[in-house]
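Asker: Handing you this structure, nothing more for now.
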Amino acid sequence: MKGALSVFTLLALQGCLFLRGAQASDADMFNKNIDWKSSLVEFNELRAAESDKPTMLIVSKEWCSACKQLKSAFNKGNSEAREIEELAKHFNMVNLRDSEEPHGSEYTPDGGYIPRILFLSKDGKIQNSIHNVMGNPKYKYYYSELTQVKSAMRRALRALAPNTEF
């Protein structure tokens with residue numbers, strides 16, 4: 001029994017280390033020029049350690065057509081996408097997909113729809129006041145266009161990192 005428990009513990013630890021080391025492929029990323037965190041482990045580490053930057057969290061699903069459209073817009077390489085790349089340098093950028101989606105009502109402030117973009121302060125607290133003011137008020141954290149994302153990123157920087165020049 002003790003040996004079986006040790007084997008189980010070792011396998012669980014290896015699984016955690018594997019997941020921790022897993023990186024999203026370019027095809028999985030919203031923009032390969034942005035330094036993304038893509039695991040729940042990395043996200044929880046960011047929240048546990050006070051950061052020098054606020055966090056932008058995208059919750060998405062691989063099968064979601066709206067997520068695919070937003071990801072495509074992030075990857076267009078046009079001026080809006082490049083502007084987001086520049087703004088992203090002032091954030092911890094996190095994209096949690098599928099089974100990596102964080103659980104808890106704080107991550108679904110007005111519903112569990114996807115994609116959702118949430119902003120967190122430097123100390124890891126979700127900032128519900130920073131949302132898509134250009135979108136549907138029933139789905140405040142849903143973004144369908146890069147213009148909406150850029151606007152929210154700027155508002156987040158003004159509120160959460162007021163000394164940041166952008």
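Ligands are numbered from 1 in the order shown, chains are lettered A, B, ... in the order of the structure tokens, and residues start at 1 in each chain.
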Got a sec: who's within 7 Å of segment 50-65 of chain A, counting only C-alpha atoms, leaving out chain neighbours fewer than 5 positions off, as a list in words?

Answerer: His90, Phe91, Asn92, Met93, Val94, Asn95, Leu96, Arg97, Asp98, Glu101, Ile114, Pro115, Arg116, Ile117, Leu118, Phe119, Leu120, Ser121, Lys122, Asp123 and Leu160 of chain A

Asker: Taking the backbone alone, and naming residues the way the document does, which bits of segment 4-158 of chain A are strand (DSSP E or B) by DSSP, as a ChimeraX atom specification?

Answerer: /A:36-37,55-60,92-97,109,111,116-120,126

Asker: With C-alpha atoms retained, write the just-selected residues as a PDB file, in the first residue's frame.

Answerer:
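Full text of selection.pdb as output:
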ATOM      1  CA  TRP A  36       1.707  34.582 -22.996  1.00  0.00           C
ATOM      2  CA  LYS A  37       1.265  32.498 -19.878  1.00  0.00           C
ATOM      3  CA  THR A  55      -2.646  41.074 -15.708  1.00  0.00           C
ATOM      4  CA  MET A  56      -4.897  40.661 -18.719  1.00  0.00           C
ATOM      5  CA  LEU A  57      -6.619  37.272 -18.649  1.00  0.00           C
ATOM      6  CA  ILE A  58      -8.346  35.784 -21.685  1.00  0.00           C
ATOM      7  CA  VAL A  59     -10.556  32.767 -21.023  1.00  0.00           C
ATOM      8  CA  SER A  60     -11.244  30.878 -24.241  1.00  0.00           C
ATOM      9  CA  ASN A  92       1.208  39.906 -17.621  1.00  0.00           C
ATOM     10  CA  MET A  93      -0.652  38.321 -20.530  1.00  0.00           C
ATOM     11  CA  VAL A  94      -2.541  35.110 -19.749  1.00  0.00           C
ATOM     12  CA  ASN A  95      -4.658  32.939 -22.060  1.00  0.00           C
ATOM     13  CA  LEU A  96      -6.343  30.051 -20.273  1.00  0.00           C
ATOM     14  CA  ARG A  97      -8.164  27.618 -22.539  1.00  0.00           C
ATOM     15  CA  PRO A 109     -18.706  37.999 -12.984  1.00  0.00           C
ATOM     16  CA  GLY A 111     -21.724  34.664 -16.816  1.00  0.00           C
ATOM     17  CA  ARG A 116     -13.981  36.626 -21.617  1.00  0.00           C
ATOM     18  CA  ILE A 117     -11.239  39.131 -20.875  1.00  0.00           C
ATOM     19  CA  LEU A 118     -10.636  40.113 -17.276  1.00  0.00           C
ATOM     20  CA  PHE A 119      -8.083  42.521 -15.846  1.00  0.00           C
ATOM     21  CA  LEU A 120      -6.318  41.953 -12.536  1.00  0.00           C
ATOM     22  CA  ILE A 126      -9.929  40.999 -10.443  1.00  0.00           C
TER      23      ILE A 126
END

Asker: Quick check for you: according to DSSP on this backbone, which residues of chain A are classed as alpha helix (DSSP H)? Reply as a PyMOL selection string.

Answerer: chain A and resi 2-21+40-48+65-74+79-88+146-160

Asker: At what distance in Å, to one decimal, does atom CA of Lys76 of chain A lie from atom CA of Val41 of chain A?

Answerer: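 For atom CA of Val41 of chain A relative to atom CA of Lys76 of chain A, the distance reads 29.0 Å.
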